[in-house]
file target07.cif (mmCIF, C-alpha atoms and all ligand atoms)
data_data
loop_
_atom_site.label_atom_id
_atom_site.label_comp_id
_atom_site.auth_asym_id
_atom_site.auth_seq_id
_atom_site.Cartn_x
_atom_site.Cartn_y
_atom_site.Cartn_z
CA MET A 261 -47.47 21.01 -48.16
CA MET A 262 -49.31 21.48 -44.88
CA THR A 263 -47.07 21.72 -41.84
CA ALA A 264 -49.06 18.89 -40.27
CA ALA A 265 -47.28 16.44 -42.55
CA LEU A 266 -43.96 17.72 -41.27
CA VAL A 267 -44.56 17.25 -37.56
CA GLU A 268 -41.84 15.08 -36.07
CA ASN A 269 -43.75 11.87 -35.53
CA ASP A 270 -45.63 11.88 -38.81
CA PRO A 271 -44.26 9.72 -41.59
CA ILE A 272 -42.51 11.29 -44.53
CA THR A 273 -42.61 9.46 -47.80
CA ALA A 274 -40.31 9.06 -50.77
CA THR A 275 -41.23 7.19 -53.92
CA VAL A 276 -39.14 5.02 -56.19
CA GLY A 277 -40.52 5.89 -59.63
CA LEU A 278 -40.46 2.61 -61.51
CA GLY A 279 -43.76 2.84 -63.41
CA ASP A 280 -46.16 0.07 -62.46
CA ARG A 281 -43.57 -1.24 -60.00
CA ALA A 282 -43.23 2.10 -58.20
CA TYR A 283 -43.26 1.91 -54.42
CA ASP A 284 -43.25 4.11 -51.37
CA ILE A 285 -40.66 4.42 -48.64
CA ALA A 286 -42.33 5.61 -45.44
CA ILE A 287 -39.93 7.12 -42.89
CA GLY A 288 -40.69 8.06 -39.29
CA ARG A 289 -40.56 7.14 -35.63
CA GLY A 290 -43.01 4.45 -34.59
CA LEU A 291 -44.04 3.35 -38.08
CA LEU A 292 -43.72 -0.37 -37.33
CA SER A 293 -47.14 -0.16 -35.67
CA SER A 294 -48.67 0.81 -39.02
CA LEU A 295 -47.16 -2.12 -40.94
CA GLY A 296 -50.29 -4.30 -40.90
CA ARG A 297 -52.56 -1.50 -42.07
CA ARG A 298 -50.16 -0.62 -44.89
CA ILE A 299 -49.89 -4.23 -46.07
CA ALA A 300 -53.66 -4.73 -45.86
CA GLU A 301 -54.17 -1.66 -48.07
CA LEU A 302 -51.66 -2.91 -50.60
CA LYS A 303 -52.69 -6.57 -50.62
CA PRO A 304 -56.07 -7.23 -49.05
CA GLY A 305 -56.37 -10.80 -47.76
CA ALA A 306 -52.62 -11.48 -47.79
CA LYS A 307 -50.92 -13.50 -45.10
CA ALA A 308 -47.35 -12.69 -44.14
CA ALA A 309 -44.07 -14.53 -43.59
CA ILE A 310 -41.59 -12.55 -41.53
CA VAL A 311 -37.90 -13.22 -42.14
CA THR A 312 -35.60 -11.80 -39.47
CA ASP A 313 -32.36 -12.44 -37.60
CA ALA A 314 -31.88 -13.49 -33.98
CA ASN A 315 -30.89 -10.02 -32.71
CA VAL A 316 -33.71 -8.20 -34.41
CA ALA A 317 -36.20 -10.90 -33.42
CA ARG A 318 -35.30 -10.38 -29.78
CA HIS A 319 -36.06 -6.67 -30.04
CA TYR A 320 -38.87 -6.40 -32.58
CA LEU A 321 -40.46 -9.65 -33.72
CA ALA A 322 -43.31 -9.50 -31.19
CA HIS A 323 -43.97 -5.87 -32.08
CA CYS A 324 -44.03 -6.73 -35.80
CA GLU A 325 -46.38 -9.68 -35.29
CA ALA A 326 -48.69 -7.54 -33.17
CA ALA A 327 -48.81 -4.88 -35.90
CA LEU A 328 -49.83 -7.51 -38.45
CA ARG A 329 -52.34 -9.15 -36.10
CA ALA A 330 -53.98 -5.79 -35.46
CA ALA A 331 -54.78 -5.60 -39.18
CA GLY A 332 -56.03 -9.20 -39.27
CA ILE A 333 -52.97 -10.51 -41.11
CA PRO A 334 -51.91 -14.04 -40.10
CA ALA A 335 -48.12 -14.34 -39.88
CA VAL A 336 -45.45 -17.01 -39.63
CA HIS A 337 -41.78 -16.28 -39.08
CA VAL A 338 -38.34 -17.65 -39.83
CA ILE A 339 -35.26 -16.57 -37.86
CA VAL A 340 -31.71 -16.82 -39.19
CA PRO A 341 -28.49 -16.21 -37.21
CA ALA A 342 -27.37 -12.56 -37.14
CA GLY A 343 -24.49 -11.59 -39.40
CA GLU A 344 -23.11 -11.76 -42.90
CA SER A 345 -22.74 -15.55 -42.72
CA SER A 346 -26.50 -15.82 -43.17
CA LYS A 347 -26.16 -14.57 -46.75
CA SER A 348 -25.31 -18.16 -47.65
CA VAL A 349 -26.74 -20.85 -49.89
CA ALA A 350 -27.61 -22.84 -46.74
CA SER A 351 -29.62 -19.98 -45.19
CA PHE A 352 -31.26 -19.29 -48.53
CA GLU A 353 -32.41 -22.90 -48.70
CA HIS A 354 -33.63 -22.72 -45.12
CA VAL A 355 -35.71 -19.59 -45.79
CA CYS A 356 -37.11 -20.95 -49.08
CA ASP A 357 -38.11 -24.21 -47.36
CA ALA A 358 -39.82 -22.28 -44.57
CA LEU A 359 -41.79 -20.18 -47.09
CA ILE A 360 -42.85 -23.26 -49.02
CA GLU A 361 -43.78 -25.19 -45.85
CA ALA A 362 -45.87 -22.24 -44.70
CA ARG A 363 -47.66 -22.31 -48.08
CA VAL A 364 -46.80 -18.71 -48.85
CA GLU A 365 -48.39 -18.02 -52.23
CA ARG A 366 -48.43 -15.25 -54.81
CA GLY A 367 -51.21 -13.43 -52.97
CA ASP A 368 -49.14 -13.29 -49.76
CA VAL A 369 -46.21 -11.20 -48.68
CA VAL A 370 -42.71 -11.78 -47.33
CA VAL A 371 -41.67 -9.25 -44.70
CA ALA A 372 -37.90 -8.65 -44.40
CA LEU A 373 -37.45 -7.40 -40.82
CA GLY A 374 -33.79 -6.60 -40.26
CA GLY A 375 -30.61 -5.09 -41.59
CA GLY A 376 -29.07 -5.46 -45.01
CA VAL A 377 -28.31 -9.13 -44.49
CA VAL A 378 -31.95 -10.03 -43.85
CA GLY A 379 -33.16 -7.71 -46.63
CA ASP A 380 -30.82 -9.24 -49.22
CA LEU A 381 -31.54 -12.82 -48.12
CA ALA A 382 -35.32 -12.50 -47.71
CA GLY A 383 -35.58 -10.46 -50.90
CA PHE A 384 -33.77 -13.12 -52.88
CA ALA A 385 -35.92 -15.87 -51.37
CA ALA A 386 -39.00 -13.81 -52.28
CA ALA A 387 -37.67 -13.38 -55.83
CA SER A 388 -37.14 -17.11 -56.15
CA VAL A 389 -39.95 -18.99 -54.39
CA ARG A 390 -42.79 -19.60 -56.85
CA ARG A 391 -40.85 -17.44 -59.31
CA GLY A 392 -41.53 -14.32 -57.34
CA LEU A 393 -43.45 -13.38 -54.21
CA ASP A 394 -44.23 -9.83 -53.16
CA PHE A 395 -42.07 -8.57 -50.35
CA VAL A 396 -41.96 -5.63 -47.99
CA GLN A 397 -38.77 -4.24 -46.50
CA VAL A 398 -38.77 -3.24 -42.85
CA PRO A 399 -35.15 -2.09 -42.53
CA THR A 400 -33.85 -1.96 -38.97
CA SER A 401 -30.24 -0.78 -39.42
CA LEU A 402 -29.20 2.66 -40.64
CA LEU A 403 -27.45 1.04 -43.59
CA ALA A 404 -30.63 -0.78 -44.55
CA GLN A 405 -32.82 2.32 -44.10
CA VAL A 406 -30.66 4.54 -46.31
CA ASP A 407 -29.35 2.04 -48.79
CA SER A 408 -29.99 -1.69 -49.02
CA SER A 409 -33.80 -1.68 -48.61
CA VAL A 410 -34.17 0.58 -51.65
CA GLY A 411 -33.44 -0.33 -55.24
CA GLY A 412 -34.28 -4.01 -55.52
CA LYS A 413 -30.84 -5.62 -55.42
CA THR A 414 -31.21 -8.91 -53.54
CA GLY A 415 -28.84 -11.79 -53.13
CA ILE A 416 -26.42 -13.94 -51.21
CA ASN A 417 -22.68 -14.59 -51.21
CA SER A 418 -20.91 -17.36 -53.05
CA ARG A 419 -17.70 -19.05 -51.92
CA TYR A 420 -16.13 -16.99 -54.73
CA GLY A 421 -17.23 -13.63 -53.46
CA LYS A 422 -19.86 -11.26 -52.14
CA ASN A 423 -23.30 -10.85 -53.71
CA LEU A 424 -22.46 -13.12 -56.65
CA ILE A 425 -25.83 -14.92 -56.56
CA GLY A 426 -28.92 -12.78 -56.69
CA ALA A 427 -31.71 -11.07 -58.55
CA PHE A 428 -33.25 -7.68 -59.07
CA HIS A 429 -36.55 -7.82 -57.21
CA GLN A 430 -38.15 -4.59 -56.07
CA PRO A 431 -40.12 -4.52 -52.80
CA ARG A 432 -43.75 -3.38 -52.84
CA LEU A 433 -43.18 -1.08 -49.88
CA VAL A 434 -40.44 0.03 -47.50
CA VAL A 435 -41.32 0.97 -43.92
CA ALA A 436 -38.37 2.64 -42.17
CA ASP A 437 -39.19 3.06 -38.49
CA THR A 438 -36.40 5.32 -37.25
CA ALA A 439 -37.11 4.52 -33.60
CA LEU A 440 -35.75 1.01 -34.22
CA LEU A 441 -32.31 2.55 -34.69
CA ASP A 442 -32.21 3.39 -30.98
CA THR A 443 -31.13 -0.19 -30.20
CA LEU A 444 -28.59 -0.41 -33.02
CA PRO A 445 -25.02 -0.74 -31.65
CA PRO A 446 -23.18 2.60 -32.15
CA ARG A 447 -20.51 1.01 -34.32
CA GLN A 448 -23.22 -0.29 -36.67
CA PHE A 449 -24.89 3.12 -36.78
CA ARG A 450 -21.57 4.75 -37.67
CA ALA A 451 -20.90 2.19 -40.39
CA GLY A 452 -24.32 2.88 -41.90
CA TYR A 453 -23.53 6.58 -41.82
CA ALA A 454 -20.76 5.98 -44.36
CA GLU A 455 -23.49 5.33 -46.94
CA VAL A 456 -25.32 8.49 -45.83
CA ALA A 457 -22.20 10.59 -46.41
CA LYS A 458 -21.65 8.71 -49.68
CA HIS A 459 -24.99 9.95 -51.03
CA GLY A 460 -24.00 13.57 -50.42
CA LEU A 461 -20.47 13.10 -51.71
CA LEU A 462 -21.52 11.41 -54.92
CA GLY A 463 -24.17 13.85 -56.01
CA ASP A 464 -25.33 16.60 -53.66
CA ALA A 465 -22.83 19.10 -52.25
CA ASP A 466 -25.52 21.05 -50.34
CA TYR A 467 -26.64 17.88 -48.59
CA PHE A 468 -23.05 17.09 -47.69
CA ALA A 469 -22.62 20.57 -46.20
CA TRP A 470 -25.82 19.99 -44.22
CA LEU A 471 -24.40 16.71 -42.90
CA GLU A 472 -21.18 18.44 -41.85
CA ALA A 473 -23.27 20.86 -39.79
CA ASN A 474 -25.88 18.43 -38.44
CA TRP A 475 -24.34 14.96 -38.14
CA LYS A 476 -24.38 15.00 -34.34
CA ASP A 477 -28.16 15.44 -34.35
CA VAL A 478 -28.49 12.65 -36.92
CA PHE A 479 -26.56 10.33 -34.60
CA SER A 480 -28.41 11.33 -31.43
CA GLY A 481 -31.86 11.28 -32.99
CA ALA A 482 -32.45 14.86 -31.85
CA PRO A 483 -35.98 16.22 -32.24
CA ALA A 484 -36.96 18.61 -35.00
CA ARG A 485 -36.28 22.28 -34.53
CA GLY A 486 -39.60 24.05 -35.00
CA THR A 487 -41.97 22.32 -37.39
CA GLY A 488 -39.36 20.85 -39.69
CA VAL A 489 -38.35 17.23 -40.15
CA ALA A 490 -36.03 15.91 -37.40
CA PRO A 491 -32.37 15.63 -38.53
CA ARG A 492 -32.13 11.83 -38.52
CA GLU A 493 -35.33 11.46 -40.53
CA TYR A 494 -34.19 14.23 -42.88
CA ALA A 495 -30.88 12.47 -43.53
CA ILE A 496 -32.65 9.18 -44.25
CA LEU A 497 -35.13 10.93 -46.54
CA LYS A 498 -32.42 12.77 -48.50
CA SER A 499 -30.30 9.65 -48.89
CA VAL A 500 -33.24 7.61 -50.07
CA GLN A 501 -34.30 10.32 -52.51
CA ILE A 502 -30.82 10.48 -54.02
CA LYS A 503 -30.68 6.70 -54.35
CA ALA A 504 -34.27 6.41 -55.61
CA ALA A 505 -33.67 9.00 -58.35
CA ILE A 506 -30.62 7.10 -59.59
CA VAL A 507 -32.42 3.73 -59.43
CA ALA A 508 -35.41 5.13 -61.34
CA ARG A 509 -33.03 6.26 -64.13
CA ASP A 510 -30.98 3.07 -64.26
CA GLU A 511 -32.58 0.16 -62.41
CA ARG A 512 -30.19 -2.49 -63.76
CA GLU A 513 -26.92 -0.59 -63.47
CA ILE A 514 -26.28 -0.18 -67.17
CA GLY A 515 -25.12 3.39 -66.62
CA ASP A 516 -24.96 5.77 -63.72
CA ARG A 517 -26.40 3.51 -61.00
CA ALA A 518 -22.72 2.62 -60.71
CA LEU A 519 -22.21 6.01 -59.01
CA LEU A 520 -23.75 4.43 -55.89
CA ASN A 521 -20.59 2.32 -55.78
CA LEU A 522 -18.45 5.33 -54.81
CA GLY A 523 -15.80 3.96 -52.45
CA HIS A 524 -16.92 0.38 -53.02
CA THR A 525 -14.25 -0.97 -55.36
CA PHE A 526 -11.52 -0.02 -52.92
CA GLY A 527 -13.86 -0.88 -50.04
CA HIS A 528 -14.67 -4.41 -51.23
CA ALA A 529 -10.96 -5.15 -51.55
CA PHE A 530 -10.41 -4.08 -47.92
CA GLU A 531 -13.42 -6.13 -46.79
CA ALA A 532 -12.08 -9.16 -48.60
CA ALA A 533 -8.62 -8.61 -47.11
CA ALA A 534 -10.24 -8.57 -43.66
CA GLY A 535 -12.07 -11.79 -44.52
CA PHE A 536 -15.57 -10.18 -44.56
CA SER A 537 -15.53 -10.27 -40.79
CA ASP A 538 -16.42 -8.06 -37.84
CA ARG A 539 -12.88 -6.73 -37.96
CA LEU A 540 -14.04 -4.40 -40.72
CA LEU A 541 -17.74 -3.69 -41.27
CA HIS A 542 -19.00 -2.94 -44.78
CA GLY A 543 -19.59 0.75 -44.00
CA GLU A 544 -16.15 1.08 -42.43
CA ALA A 545 -14.57 -0.37 -45.56
CA VAL A 546 -16.66 2.03 -47.66
CA ALA A 547 -15.44 4.99 -45.59
CA ILE A 548 -11.82 4.07 -46.28
CA GLY A 549 -12.77 3.41 -49.90
CA ILE A 550 -14.37 6.85 -50.27
CA ALA A 551 -11.29 8.46 -48.76
CA CYS A 552 -9.19 6.54 -51.31
CA ALA A 553 -11.45 7.63 -54.19
CA PHE A 554 -11.11 11.31 -53.19
CA ASP A 555 -7.39 11.03 -52.58
CA PHE A 556 -6.83 9.18 -55.85
CA SER A 557 -8.93 11.75 -57.74
CA ALA A 558 -6.97 14.62 -56.20
CA ARG A 559 -3.69 12.99 -57.25
CA ARG A 560 -5.05 12.82 -60.78
CA GLY A 561 -5.66 16.57 -60.56
CA LEU A 562 -9.43 16.18 -60.81
CA LEU A 563 -10.14 18.30 -57.73
CA PRO A 564 -8.14 20.46 -55.31
CA LYS A 565 -6.39 18.55 -52.54
CA ALA A 566 -8.13 20.70 -49.93
CA GLU A 567 -11.55 19.62 -51.18
CA ALA A 568 -10.59 15.96 -50.97
CA GLU A 569 -9.31 16.59 -47.46
CA ARG A 570 -12.63 18.19 -46.52
CA ALA A 571 -14.54 15.06 -47.57
CA ILE A 572 -12.16 12.79 -45.68
CA ARG A 573 -12.19 15.05 -42.61
CA HIS A 574 -15.95 14.61 -42.21
CA LEU A 575 -15.74 10.82 -42.30
CA ALA A 576 -13.00 10.95 -39.67
CA ALA A 577 -15.00 13.43 -37.56
CA VAL A 578 -17.86 10.97 -37.10
CA GLY A 579 -15.38 8.29 -36.03
CA LEU A 580 -15.10 6.29 -39.25
CA PRO A 581 -11.74 4.90 -40.37
CA THR A 582 -10.28 6.72 -43.39
CA HIS A 583 -6.85 5.13 -43.80
CA ILE A 584 -5.90 1.58 -44.59
CA ARG A 585 -3.56 1.88 -41.60
CA ASP A 586 -6.58 2.46 -39.32
CA VAL A 587 -7.44 -1.20 -39.77
CA PRO A 588 -4.85 -3.63 -38.45
CA ALA A 589 -6.80 -6.46 -40.11
CA VAL A 590 -5.85 -5.15 -43.53
CA THR A 591 -2.11 -5.71 -43.39
CA THR A 592 -1.57 -6.99 -46.84
CA ASN A 593 0.65 -5.74 -49.63
CA ALA A 594 -0.34 -3.69 -52.65
CA ASP A 595 -0.17 -6.66 -55.01
CA ALA A 596 -2.52 -8.70 -52.84
CA LEU A 597 -4.94 -5.75 -52.61
CA MET A 598 -4.75 -5.28 -56.38
CA GLU A 599 -5.71 -8.92 -56.86
CA LEU A 600 -8.79 -8.25 -54.75
CA VAL A 601 -9.62 -5.03 -56.67
CA ALA A 602 -9.36 -6.90 -59.97
CA GLN A 603 -11.58 -9.68 -58.59
CA ASP A 604 -14.26 -7.16 -57.67
CA LYS A 605 -14.22 -5.32 -60.98
CA LYS A 606 -13.55 -7.06 -64.25
CA VAL A 607 -10.55 -5.63 -66.03
CA LYS A 608 -11.73 -4.57 -69.49
CA ARG A 609 -9.05 -4.20 -72.14
CA GLY A 610 -6.46 -3.70 -69.43
CA LYS A 611 -8.42 -0.87 -67.75
CA LEU A 612 -10.42 -0.71 -64.53
CA THR A 613 -13.68 1.11 -63.89
CA PHE A 614 -13.74 3.30 -60.79
CA ILE A 615 -16.10 5.94 -59.45
CA LEU A 616 -13.99 9.08 -59.21
CA VAL A 617 -14.84 12.67 -58.29
CA ARG A 618 -14.38 16.12 -59.75
CA GLY A 619 -15.42 17.58 -56.40
CA ILE A 620 -17.76 17.05 -53.47
CA GLY A 621 -21.13 16.10 -55.00
CA ALA A 622 -19.59 15.53 -58.46
CA SER A 623 -18.79 11.86 -59.00
CA PHE A 624 -18.47 10.16 -62.37
CA VAL A 625 -17.78 6.73 -63.82
CA ALA A 626 -14.15 6.53 -64.96
CA ARG A 627 -13.59 3.56 -67.27
CA ASP A 628 -9.98 4.25 -68.11
CA VAL A 629 -8.14 3.62 -64.87
CA ASP A 630 -4.78 1.96 -65.32
CA PRO A 631 -4.26 -0.92 -62.85
CA ASP A 632 -0.61 0.13 -62.43
CA GLU A 633 -1.71 3.58 -61.28
CA VAL A 634 -3.96 1.99 -58.64
CA ARG A 635 -1.23 -0.40 -57.56
CA ALA A 636 1.24 2.47 -57.12
CA PHE A 637 -1.38 4.43 -55.15
CA LEU A 638 -2.06 1.51 -52.81
CA ALA A 639 1.65 0.79 -52.38
CA GLU A 640 2.21 4.39 -51.34
CA LYS A 641 -0.72 4.28 -48.89
CA LEU A 642 0.59 1.08 -47.32
CA ALA A 643 4.16 2.34 -47.21
CA ARG A 644 3.12 5.31 -45.11
CA ALA A 645 1.46 2.97 -42.59
N1 LIG B 701 -29.06 -4.68 -51.62
C1 LIG B 701 -28.36 -3.59 -51.60
O1 LIG B 701 -28.56 -2.69 -52.40
C2 LIG B 701 -27.31 -3.42 -50.55
C3 LIG B 701 -26.72 -2.17 -50.36
C4 LIG B 701 -25.79 -2.02 -49.34
C5 LIG B 701 -25.45 -3.11 -48.54
N2 LIG B 701 -26.04 -4.31 -48.77
C6 LIG B 701 -25.73 -5.47 -47.90
O2 LIG B 701 -26.17 -5.17 -46.60
C7 LIG B 701 -25.41 -5.97 -45.68
C8 LIG B 701 -25.02 -5.13 -44.50
O3 LIG B 701 -26.19 -4.65 -43.88
P1 LIG B 701 -26.19 -4.20 -42.35
O4 LIG B 701 -25.05 -3.30 -42.13
O5 LIG B 701 -27.55 -3.74 -42.03
O6 LIG B 701 -25.81 -5.55 -41.60
P2 LIG B 701 -26.70 -6.59 -40.75
O7 LIG B 701 -27.96 -6.89 -41.41
O8 LIG B 701 -25.79 -7.71 -40.44
O9 LIG B 701 -27.00 -5.77 -39.43
C9 LIG B 701 -25.93 -5.38 -38.61
C10 LIG B 701 -26.08 -5.92 -37.18
O10 LIG B 701 -27.02 -5.11 -36.48
C11 LIG B 701 -28.06 -5.94 -35.94
N3 LIG B 701 -29.27 -5.12 -35.98
C12 LIG B 701 -29.95 -4.72 -37.07
N4 LIG B 701 -30.93 -3.89 -36.71
C13 LIG B 701 -30.87 -3.74 -35.37
C14 LIG B 701 -31.61 -2.98 -34.43
N5 LIG B 701 -32.58 -2.16 -34.80
N6 LIG B 701 -31.28 -3.09 -33.12
C15 LIG B 701 -30.25 -3.89 -32.73
N7 LIG B 701 -29.51 -4.61 -33.57
C16 LIG B 701 -29.81 -4.55 -34.90
C17 LIG B 701 -28.07 -7.17 -36.78
O11 LIG B 701 -28.61 -8.26 -36.09
C18 LIG B 701 -26.58 -7.35 -37.09
O12 LIG B 701 -25.95 -7.99 -36.01
C19 LIG B 701 -24.23 -6.51 -46.44
O13 LIG B 701 -24.43 -7.88 -46.68
C20 LIG B 701 -24.26 -5.75 -47.76
O14 LIG B 701 -23.77 -6.50 -48.85
C21 LIG B 701 -26.96 -4.48 -49.75
ZN ZN B 702 -22.41 -0.16 -49.52
#

call {"tool": "encode", "arguments": {"input": "target07.cif", "output": "structure tokens", "more": "lines below"}}
Ligand SMILES: NC(=O)c1ccc[n+]([C@@H]2O[C@H](COP(=O)([O-])OP(=O)(O)OC[C@H]3O[C@@H](n4cnc5c(N)ncnc54)[C@H](O)[C@@H]3O)[C@@H](O)[C@H]2O)c1
Ligand SMILES: [Zn+2]
result
Amino acid sequence: MMTAALVENDPITATVGLGDRAYDIAIGRGLLSSLGRRIAELKPGAKAAIVTDANVARHYLAHCEAALRAAGIPAVHVIVPAGESSKSVASFEHVCDALIEARVERGDVVVALGGGVVGDLAGFAAASVRRGLDFVQVPTSLLAQVDSSVGGKTGINSRYGKNLIGAFHQPRLVVADTALLDTLPPRQFRAGYAEVAKHGLLGDADYFAWLEANWKDVFSGAPARGTGVAPREYAILKSVQIKAAIVARDEREIGDRALLNLGHTFGHAFEAAAGFSDRLLHGEAVAIGIACAFDFSARRGLLPKAEAERAIRHLAAVGLPTHIRDVPAVTTNADALMELVAQDKKVKRGKLTFILVRGIGASFVARDVDPDEVRAFLAEKLARA
């Protein structure tokens, strides 16, 4: 490849290889300005409906509308409140009504401008209205840029639990403008970083070692050294490539797409225990969950204790919580946590499925985990609090 394509401000592109539904993920600083041109190339004559939340609208809605206008794309918008509570049936109805009122048709496009909440909500509305509208993800949080905007899982929460109502609906394009992350609150950036580390830990030891050495530059958005890709953009690219490769192999999570859930079975239980609130962000719960998965695997003798400690040490180094006791909100007993684990994952023939590890970068799907073993592990963790 020519070095010109690697200059800091030029976009880098990953592809999700799903045959005739394949799509590009463009990554780079300032890419929001190119959104209109990219949509016009993909869908000439389309009009757009932007779905966003109140925080993101304040920062970027005008910029997004200007980018569409510049390419001659008429746009309407719908704004939902910021936060997980917008992944509700009520917000879903609100967004669907707005799309229908605006006469958004098959030839048009829904633009999800926001974090994972907006992406999941707008994506599900796009999957549903007129039995499927094209949509474009413009992820604005780190979590959304490295994880939720890629792979086509869309949905909302039910009163019975997270993400229980939804659909697989792949976007036509993902535009990840890394400059937008400059306004993301640091705690949100750190929480998104848990998914970045997860991608290395589940399948790429070299990438994890790179993160250990370069995470400060990823956080600060430091410029590229020489003609290479800048660290933040590199981390987003690597994460997306790891996720995209898994999604291309197993779009519907019949097999190893489940590896992307490393840390999530434990993590969802902690999130539920904290009432899915700001007391514990998704990424923070995942960080504790990953630490649990490594610790639990080491206790089973699957990897040396020191290697598990190395994984956990990195999460702690960036400021993520790694112990249940780091989160005062999760002061529940092992039995209550086990209830929540069992709710998240169906118990099959008395066994639980967990993503465990044989080392850094070597995760696997373990379908034989005894609930009593998990309960004892959690009890011990809580007892040491
Ligand atoms: N579909 C998937 O595959 C998938 C994967 C992982 C997570 N998720 C979902 O993603 C959601 C979490 O996503 P999230 O962490 O992005 O949360 P979020 O969408 O709530 O965004 C976090 C906060 O940051 C604000 N924000 C976003 N971008 C900003 C910016 N550039 N500047 C300033 N503020 C900004 C938002 O308004 C919000 O307050 C969860 O609902 C989770 O279930 C989905
Ligand atoms: Zn996650």

call {"tool": "atom_distance", "arguments": {"input": "target07.cif", "atom1": "atom CA of Ser388 of chain A", "atom2": "atom CA of Phe352 of chain A"}}
result
9.9 Å

call {"tool": "residues_near_ligand", "arguments": {"input": "target07.cif", "ligand": "ligand LIG 701 (chain B)", "cutoff": "8 Å", "atoms": "all atoms listed in the file", "output": "ChimeraX atom specification"}}
result
/A:313-316,319-320,342-344,347,374-380,399-404,407-416,422-423,440-445,448,451-452,541-543

call {"tool": "atom_distance", "arguments": {"input": "target07.cif", "atom1": "atom CA of Pro334 of chain A", "atom2": "atom CA of Pro304 of chain A"}}
result
12.0 Å

call {"tool": "closest_residue", "arguments": {"input": "target07.cif", "among": "A:Ala495, A:Asp280, A:Ala490, A:Ser293", "to": "Ala469 of chain A", "atoms": "all atoms listed in the file"}}
result
A:Ala495

call {"tool": "closest_residue", "arguments": {"input": "target07.cif", "among": "A:Arg289, A:His574, A:His528, A:His323", "to": "ligand ZN 702 (chain B)", "atoms": "all atoms listed in the file"}}
result
A:His528

call {"tool": "atom_distance", "arguments": {"input": "target07.cif", "atom1": "atom CA of Leu519 of chain A", "atom2": "atom CA of Ser623 of chain A"}}
result
6.8 Å

call {"tool": "closest_atom_pairs", "arguments": {"input": "target07.cif", "of": "segment 548-567 of chain A", "to": "segment 607-619 of chain A", "cutoff": "9 Å", "atoms": "only C-alpha atoms", "output": "JSON lines"}}
result
{"residue": "A:Ala553", "atom": "CA", "partner": "A:Leu616", "partner_atom": "CA", "distance": 5.8}
{"residue": "A:Phe554", "atom": "CA", "partner": "A:Val617", "partner_atom": "CA", "distance": 6.5}
{"residue": "A:Phe556", "atom": "CA", "partner": "A:Leu616", "partner_atom": "CA", "distance": 7.9}
{"residue": "A:Ser557", "atom": "CA", "partner": "A:Leu616", "partner_atom": "CA", "distance": 5.9}
{"residue": "A:Ala558", "atom": "CA", "partner": "A:Arg618", "partner_atom": "CA", "distance": 8.4}
{"residue": "A:Gly561", "atom": "CA", "partner": "A:Arg618", "partner_atom": "CA", "distance": 8.8}
{"residue": "A:Leu562", "atom": "CA", "partner": "A:Arg618", "partner_atom": "CA", "distance": 5.1}
{"residue": "A:Leu563", "atom": "CA", "partner": "A:Arg618", "partner_atom": "CA", "distance": 5.2}
{"residue": "A:Pro564", "atom": "CA", "partner": "A:Gly619", "partner_atom": "CA", "distance": 7.9}
{"residue": "A:Glu567", "atom": "CA", "partner": "A:Gly619", "partner_atom": "CA", "distance": 6.8}

call {"tool": "closest_residue", "arguments": {"input": "target07.cif", "among": "A:Ala436, A:Val629, A:Ile550, A:Ala386", "to": "ligand ZN 702 (chain B)", "atoms": "all atoms listed in the file"}}
result
A:Ile550

call {"tool": "closest_residue", "arguments": {"input": "target07.cif", "among": "A:Ala545, A:Leu373, A:Val578, A:Leu291", "to": "ligand ZN 702 (chain B)", "atoms": "only C-alpha atoms and all ligand atoms"}}
result
A:Ala545

call {"tool": "closest_residue", "arguments": {"input": "target07.cif", "among": "A:Asp555, A:Gly296, A:Val369, A:Gln430", "to": "Val507 of chain A", "atoms": "only C-alpha atoms"}}
result
A:Gln430

call {"tool": "closest_residue", "arguments": {"input": "target07.cif", "among": "A:Lys503, A:Arg560, A:Arg570, A:Arg509", "to": "ligand ZN 702 (chain B)", "atoms": "only C-alpha atoms and all ligand atoms"}}
result
A:Lys503

call {"tool": "residues_near_point", "arguments": {"input": "target07.cif", "point": "(-11.6, 9.8, -49.1)", "cutoff": "9 Å", "atoms": "all atoms listed in the file", "output": "NGL selection string"}}
result
:A and (523 or 547-556 or 568-573 or 575 or 582-583)

call {"tool": "residues_around", "arguments": {"input": "target07.cif", "residues": "Trp475 of chain A", "least_positions_apart": "4", "cutoff": "9 Å", "atoms": "only C-alpha atoms", "output": "JSON, numbers by chain"}}
result
{"A": [470, 471, 479, 480, 491, 492, 495, 578]}

call {"tool": "write_last_selection", "arguments": {"input": "target07.cif", "atoms": "C-alpha atoms", "output": "CSV table (one decimal), in the frame of the given file"}}
result
chain,number,residue,atom,x,y,z
A,470,TRP,CA,-25.8,20.0,-44.2
A,471,LEU,CA,-24.4,16.7,-42.9
A,479,PHE,CA,-26.6,10.3,-34.6
A,480,SER,CA,-28.4,11.3,-31.4
A,491,PRO,CA,-32.4,15.6,-38.5
A,492,ARG,CA,-32.1,11.8,-38.5
A,495,ALA,CA,-30.9,12.5,-43.5
A,578,VAL,CA,-17.9,11.0,-37.1

call {"tool": "axis_aligned_box", "arguments": {"input": "target07.cif", "around": "segment 446-464 of chain A", "padding_each_side": "5 Å", "output": "JSON"}}
result
{"center_x": -22.9, "center_y": 8.2, "center_z": -44.1, "size_x": 14.9, "size_y": 26.9, "size_z": 33.9}

call {"tool": "residues_around", "arguments": {"input": "target07.cif", "residues": "Ala326 of chain A", "least_positions_apart": "5", "cutoff": "10 Å", "atoms": "only C-alpha atoms", "output": "ChimeraX atom specification"}}
result
/A:292-293,295-296,320-321,331-333,335
